[in-house]
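K.L.:
After the structure tokens below, expect a handful of questions from me.
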Protein chains: 2
Amino acid sequence: MFEKLKAKKIDIEAGENKVILNKKDAERMGLRSQSRVKVEFSGQSTVAIVELSETLVEEGEVGLLQRVAKKIDVDAGDDLTVVPSERPKSIEHIKEKLEGKELSEHAIDEIIQDITDRKLSDIELSAYVSGIYANGMTLKETKNLTIAMIKTGDKIEFDKHPIFDHHSIGGVPGNKITLLVVPIVAAAGLLIPKTSSRAISSAGGTADIFEVLTNVTLSISQIKSITEEIGGVIAWGGAVNVAPSDDLIIRAEYPLRIDPYAQVLASVLSKKKASGAEYLVMDIPVGPQTKVVNMEDARKYARDFVTLGEDIGINVRCAISYGGQPVGEGIGPAIEAREALAALEGKDVPNSLIEKSIELAGMVLEQGGLAEGRGRTQAKDILTSGAALDKFKEIIQHQGGDPDVTSDDVAIGKHHHEIHCNRDGYIGGIDNHCIIEIVRSAGAPYCKGAGIILNKKQGDQVDKDEVLYTIYSDNKNSLGEAIKMANHLKPISIEGMILEKHPSYRLV
Amino acid sequence: MFEKLKAKKIDIEAGENKVILNKKDAERMGLRSQSRVKVEFSGQSTVAIVELSETLVEEGEVGLLQRVAKKIDVDAGDDLTVVPSERPKSIEHIKEKLEGKELSEHAIDEIIQDITDRKLSDIELSAYVSGIYANGMTLKETKNLTIAMIKTGDKIEFDKHPIFDHHSIGGVPGNKITLLVVPIVAAAGLLIPKTSSRAISSAGGTADIFEVLTNVTLSISQIKSITEEIGGVIAWGGAVNVAPSDDLIIRAEYPLRIDPYAQVLASVLSKKKASGAEYLVMDIPVGPQTKVVNMEDARKYARDFVTLGEDIGINVRCAISYGGQPVGEGIGPAIEAREALAALEGKDVPNSLIEKSIELAGMVLEQGGLAEGRGRTQAKDILTSGAALDKFKEIIQHQGGDPDVTSDDVAIGKHHHEIHCNRDGYIGGIDNHCIIEIVRSAGAPYCKGAGIILNKKQGDQVDKDEVLYTIYSDNKNSLGEAIKMANHLKPISIEGMILEKHPSYRLV
């Protein structure tokens, strides 16, 4: 039983593919809230989830929320065909995963296809993520998942080869190393088209940071041509339709704050493979407040990245890195862009940033056969010679930015506030999670100037009233929120050199 | 940071508690799609999930979807306070369950409180249901879950005692026995206030069926006064706010078609306890197409219902019943109401209906100490004497219906279609799922007259061209859909007495 209903556009940006039906039409069609319908118009179609209304949508109308209206090119008042749609078979496969069963290649293909087509409701999508989190996946399932995620999106096909890439599985604030690795590698003559994410739960993704200096919204053909011309690109991955199911799956992972292991592997490798990578250096930061909390888990990731990489045709090498505190001194889009640029300019920046960048860039150079056993040294040479800075400016220019920018030009938050130390002692630790919370309160990643500059790092000696860190924001209100948050969270712990005395006496 | 925003009502009946913010306001407030806000107005408040719009809601406005507008008594244009709301702690407990951990009493209380307050999004709610399904619950957790579900709703408090009840965990079509059990038990002088559900995935819940004969939407005080006056009530449970989290949890279970074991136990017992039950007889139908597929699972349910009942102060007895085919001959609201009434009138109805009803009613009578060891006989006497019919009419009248109704008065679907047998043989089996699908296609439970009358049941001998069953509907289109479905699904299998011959020869 199908109906012809008149299109009405409803400007709501919901996560699900949704249409709104009048209650009476829905009843006649045997539909209710959460039912699924197929909406068709002159050869275009999409499956959508139904919500009901008595007045917003009249009888004989169908309300198309933004996402559906974008998918079907239709004018208000056009006659659409609306027909009840079958329950996707993939839901049964999701149920099998909740029951602890191993999923077949076909089952995984169906799930990822339905996620990509937005046929699943939030409830169903969440059950998928929950199932993978609760019961895991075998390496065989993970491989099939990776391939399914590649198949359902676009691919970047390069004419020149080989293609190198690097990626950090994240969780460490201040990790702006991509802005050093890419120009070093490209300056050495290798091709490294790096696509990066925006912040999901962090204070700023690489795309948010590099956007301070140039445009990062590039098309597939721009990524291809710039890479083949100058060797390097740093683009926002969200602008290209590469492994599109990943972003949809993240929609369910984010509110639950879960990162199912198999999904992390598949997410990274599918994006890299679809983006053309043949060689990949992975950064796996380990620390109590990163995604990977101990060496054992890090080694498992490393092994599985290498194995899965082989299975799908990417040569993967992994570096397990120190993630116990932020990398470098700055956290927040503009602050990190400025720090990276300063490092490339040869200015004085924290050693942790230089060290980590040249180690990882060196691994890529060695993969490329350019520097057997001495990649780190060669990477350092490229950095100190200024060749990396030249390449960086070339990349900025080709992506549409100003190549004459210097670190002094980068504007950071107009307002700032210093947080002082309330005693003498040593920095015992810096809490990554708390740092991120404060930086987000200050307005990052949307407010580019928001962030923190650390004046002290772990192990540093500190005197009472010295500045521990400075919070920046472009918005006074947000700065106030961030200061409140900072006073509440106390992200930096100060310790004396004597931690305890035994036996301890206390006078009553 | 809070904002004063002007209320705008948006007539959408979404499952989640939702508000719509203008994109610019949301950005300034650091909110995005799926963020949570607290909405306050003159002492009333609720937590809602955010969606964004550019035009449907202007800057300075907040769009309240139906559910939020119902909760906060507000006029369009009133100034509401909207403030970002914390992530509920219960989400961390849901995550613990996904990780296979045992939840504390406190954790379960938080989850159920947040579900009841609609603080969780669909994604979060689904993760809860998924976690219970994937990892189960201990009996201790299940007990705490049951108590949490009771605490978060209203209770029916009777002045007279003891209170009896009965319940079927369902899954068998045609199971109209409540319409016999309640009047038999009440006619014996016991108090049995039965609250029933409407159809979720079935062709008609007891409330849908009894609604054909009288009003089932009763308040708590009506349920109390009618029960204390005449002994029995059959009311729609959805009209009272008893264990309200149950319906919200079902919202996530339904699309996934999962019934987590612990949730079934807690759902039944919380509703019964909050409805005042002190004695409960459970019907656990077993069959390949019911909720409980084998005797082992049925016995586990029975043991756990008894144990949990003891824990929360209900004396529970369980009957494991045959659920291999529909009970009686009719499926669908009006058809079942008519069949039940005919049984009470002493007319000729299938033995399966009479047998099951008097067995279960007899168990209640024995629990009540009225008929030690001979409950079944006493129940049968009450039925055949006409005392049950008199009580049934009294109940119909007290709930607002016509007590003079007879089974001949009950109108069933105007249109019908007979399905004939295409060969001689025996009825090998009747598929419950397929029967339900066909009856729903015919329009049940919304169309009261829709349904099926079975002319043959399992084991019956049947000749070619004899009528197997008849489909009814008030709507010709729906009848057509149901016929198509019937021809496709073939819910009744016909077998010769010889099922196979070996070895089998086939000429090529």
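We label chains A, B, ... in the order they appear in the structure tokens, count residues from 1 in each chain, and number ligands from 1 in the order shown.
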Any chance you could tabulate, as CSV, the residues of chain A at most 7 Å from chain B with each one's nearest atom pair and distance in Å to one decimal, using only C-alpha atoms, in chain and rising number order?

P.N.:
```
residue,atom,partner,partner_atom,distance
A:Asp11,CA,B:Leu56,CA,5.5
A:Ile12,CA,B:Ser53,CA,4.7
A:Glu13,CA,B:Leu52,CA,5.3
A:Ala14,CA,B:Glu51,CA,5.9
A:Glu51,CA,B:Ala14,CA,5.9
A:Leu52,CA,B:Glu13,CA,5.3
A:Ser53,CA,B:Ile12,CA,4.8
A:Glu54,CA,B:Asp11,CA,6.8
A:Thr55,CA,B:Asp11,CA,6.3
A:Leu56,CA,B:Asp11,CA,5.5
A:Ile91,CA,B:Leu256,CA,6.6
A:Leu98,CA,B:Ala134,CA,5.0
A:Glu99,CA,B:Ala134,CA,5.7
A:Asp122,CA,B:Ile123,CA,5.4
A:Ile123,CA,B:Ser126,CA,5.1
A:Glu124,CA,B:Leu256,CA,6.6
A:Ser126,CA,B:Ile123,CA,5.1
A:Ala127,CA,B:Ser130,CA,5.7
A:Ser130,CA,B:Ala127,CA,5.7
A:Gly131,CA,B:Ser130,CA,7.0
A:Tyr133,CA,B:Leu98,CA,6.9
A:Ala134,CA,B:Leu98,CA,5.0
A:Ala252,CA,B:Ile123,CA,6.2
A:Leu256,CA,B:Glu124,CA,6.6
```

K.L.:
Those residues with N, CA and C atoms, as a JSON list (two decimals), in the first residue's frame please?

P.N.:
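Written file, again.json:
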```
[["chain", "number", "residue", "atom", "x", "y", "z"],
["A", 11, "ASP", "N", 12.75, 22.26, 8.65],
["A", 11, "ASP", "CA", 14.16, 22.60, 8.87],
["A", 11, "ASP", "C", 14.64, 22.13, 10.25],
["A", 12, "ILE", "N", 14.83, 20.83, 10.38],
["A", 12, "ILE", "CA", 15.44, 20.29, 11.60],
["A", 12, "ILE", "C", 16.60, 19.41, 11.16],
["A", 13, "GLU", "N", 17.73, 19.60, 11.86],
["A", 13, "GLU", "CA", 18.97, 18.90, 11.49],
["A", 13, "GLU", "C", 19.14, 17.66, 12.37],
["A", 14, "ALA", "N", 18.24, 16.68, 12.25],
["A", 14, "ALA", "CA", 18.33, 15.51, 13.13],
["A", 14, "ALA", "C", 19.40, 14.55, 12.64],
["A", 51, "GLU", "N", 8.20, 9.91, 12.28],
["A", 51, "GLU", "CA", 7.64, 10.50, 13.50],
["A", 51, "GLU", "C", 6.26, 11.04, 13.13],
["A", 52, "LEU", "N", 5.43, 11.26, 14.14],
["A", 52, "LEU", "CA", 4.05, 11.66, 13.86],
["A", 52, "LEU", "C", 3.74, 13.07, 14.33],
["A", 53, "SER", "N", 2.76, 13.68, 13.68],
["A", 53, "SER", "CA", 2.29, 14.99, 14.08],
["A", 53, "SER", "C", 0.81, 15.12, 13.73],
["A", 54, "GLU", "N", 0.12, 16.00, 14.44],
["A", 54, "GLU", "CA", -1.28, 16.23, 14.11],
["A", 54, "GLU", "C", -1.46, 17.51, 13.30],
["A", 55, "THR", "N", -0.56, 18.47, 13.50],
["A", 55, "THR", "CA", -0.77, 19.77, 12.86],
["A", 55, "THR", "C", 0.42, 20.28, 12.05],
["A", 56, "LEU", "N", 1.66, 19.92, 12.46],
["A", 56, "LEU", "CA", 2.83, 20.44, 11.75],
["A", 56, "LEU", "C", 2.81, 19.96, 10.31],
["A", 91, "ILE", "N", 19.41, -5.85, 11.10],
["A", 91, "ILE", "CA", 19.05, -5.80, 12.53],
["A", 91, "ILE", "C", 19.19, -7.19, 13.15],
["A", 98, "LEU", "N", 25.02, -9.22, 19.46],
["A", 98, "LEU", "CA", 24.69, -9.07, 20.88],
["A", 98, "LEU", "C", 24.65, -10.43, 21.57],
["A", 99, "GLU", "N", 24.33, -11.47, 20.81],
["A", 99, "GLU", "CA", 24.30, -12.82, 21.37],
["A", 99, "GLU", "C", 25.67, -13.48, 21.36],
["A", 122, "ASP", "N", 18.54, 5.35, 15.47],
["A", 122, "ASP", "CA", 19.54, 5.49, 16.54],
["A", 122, "ASP", "C", 19.55, 4.27, 17.46],
["A", 123, "ILE", "N", 18.36, 3.75, 17.74],
["A", 123, "ILE", "CA", 18.26, 2.58, 18.63],
["A", 123, "ILE", "C", 19.01, 1.40, 18.02],
["A", 124, "GLU", "N", 18.84, 1.20, 16.73],
["A", 124, "GLU", "CA", 19.46, 0.05, 16.06],
["A", 124, "GLU", "C", 20.97, 0.26, 15.91],
["A", 126, "SER", "N", 22.87, 2.07, 17.81],
["A", 126, "SER", "CA", 23.47, 1.95, 19.13],
["A", 126, "SER", "C", 23.62, 0.48, 19.53],
["A", 127, "ALA", "N", 22.67, -0.35, 19.14],
["A", 127, "ALA", "CA", 22.77, -1.78, 19.45],
["A", 127, "ALA", "C", 23.96, -2.39, 18.72],
["A", 130, "SER", "N", 27.03, -1.22, 20.62],
["A", 130, "SER", "CA", 27.01, -1.91, 21.92],
["A", 130, "SER", "C", 27.44, -3.37, 21.76],
["A", 131, "GLY", "N", 26.96, -3.99, 20.71],
["A", 131, "GLY", "CA", 27.29, -5.41, 20.46],
["A", 131, "GLY", "C", 28.78, -5.60, 20.21],
["A", 133, "TYR", "N", 31.10, -3.59, 21.18],
["A", 133, "TYR", "CA", 31.81, -3.24, 22.42],
["A", 133, "TYR", "C", 31.72, -4.39, 23.43],
["A", 134, "ALA", "N", 30.52, -4.98, 23.55],
["A", 134, "ALA", "CA", 30.32, -6.04, 24.56],
["A", 134, "ALA", "C", 31.00, -7.34, 24.15],
["A", 252, "ALA", "N", 27.05, 7.28, 17.37],
["A", 252, "ALA", "CA", 26.54, 6.47, 18.49],
["A", 252, "ALA", "C", 27.61, 6.25, 19.56],
["A", 256, "LEU", "N", 28.06, 7.63, 24.25],
["A", 256, "LEU", "CA", 28.34, 6.54, 25.18],
["A", 256, "LEU", "C", 29.80, 6.56, 25.64]]
```

K.L.:
Got a sec to tell me which of range 308-489 of chain A DSSP assigns to strand (DSSP E or B), as a count of residues only?

P.N.:
35

K.L.:
Got a sec: who's within 7 Å of Thr227 in chain B, counting only C-alpha atoms, leaving out chain neighbours fewer than 3 positions off, as a PyMOL selection string?

P.N.:
chain B and resi 191-193+223-224+230-233

K.L.:
Okay, now the selection with C-alpha atoms, as a PDB file, in the first residue's frame?

P.N.:
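The new file out_19.pdb reads:
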```pdb
ATOM      1  CA  LEU B 191      -9.976  -9.971  44.533  1.00  0.00           C
ATOM      2  CA  ILE B 192      -8.258  -9.904  41.123  1.00  0.00           C
ATOM      3  CA  PRO B 193      -7.542  -6.462  39.655  1.00  0.00           C
ATOM      4  CA  ILE B 223      -9.417   0.048  39.637  1.00  0.00           C
ATOM      5  CA  LYS B 224      -9.370   0.084  43.436  1.00  0.00           C
ATOM      6  CA  ILE B 230     -17.134  -6.660  42.779  1.00  0.00           C
ATOM      7  CA  GLY B 231     -13.818  -8.528  43.006  1.00  0.00           C
ATOM      8  CA  GLY B 232     -12.531  -8.148  39.457  1.00  0.00           C
ATOM      9  CA  VAL B 233     -11.296  -5.622  36.932  1.00  0.00           C
TER      10      VAL B 233
END
```

K.L.:
Extract, using only C-alpha atoms, all DNA, RNA and protein residues at most 6 Å from range 308-320 of chain A, discarding same-chain residues fewer than 2 positions from it, and format them as a ChimeraX atom specification.

P.N.:
/A:278-285,302,304-306

K.L.:
So which residues of range 164-343 of chain A fall under alpha helix (DSSP H) by DSSP, listed as number ranges by chain?

P.N.:
A: 178-187, 206-210, 220-230, 245-256, 261-274, 295-312, 333-343

K.L.:
Write out as a PyMOL selection string which residues come within 12 Å of Asp109 in chain B when counting only C-alpha atoms, dropping same-chain ones fewer than 2 positions away.

P.N.:
chain B and resi 89-90+93-94+103-107+111-116+141-152+245

K.L.:
Which neighbours of range 365-379 of chain B fall inside 7 Å, counting only C-alpha atoms, when residues of the same chain fewer than 5 positions from it are skipped, and could you give them as a PyMOL selection string?

P.N.:
chain B and resi 184-185+358-359

K.L.:
Based on the selection just made, write C-alpha atoms of those residues as a PDB file, in the first residue's frame.

P.N.:
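Result went into part-v2.pdb, see below:
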```
ATOM      1  CA  ILE B 184     -14.061 -17.145  37.528  1.00  0.00           C
ATOM      2  CA  VAL B 185     -11.702 -15.995  40.291  1.00  0.00           C
ATOM      3  CA  ILE B 358      -9.886 -23.379  34.224  1.00  0.00           C
ATOM      4  CA  GLU B 359      -6.433 -24.762  34.959  1.00  0.00           C
TER       5      GLU B 359
END
```

K.L.:
So that I can check the surroundings of Thr206 in chain B, please list as a ChimeraX atom specification every protein, DNA and RNA residue that reaches within 12 Å of it, counting only C-alpha atoms and ignoring chain neighbours fewer than 3 positions away.

P.N.:
/B:167-168,170,173-182,194-200,202-203,209-213,216,234-238,331-334,336-337,340,445

K.L.:
For a test of reading the model, state the distance in Å between CA of Thr214 in chain B and CA of His415 in chain B, rounded to one decimal.

P.N.:
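If I compute the distance from CA of Thr214 in chain B to CA of His415 in chain B, I get 23.6 Å.
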
K.L.:
Rank B:Thr307, B:Ser221, B:Ser321, B:Asn294 by their smallest atom-to-atom distance to Glu355 in chain B, using only C-alpha atoms, and report the top residue only.

P.N.:
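Distance minimum relative to Glu355 in chain B lands on B:Ser321.
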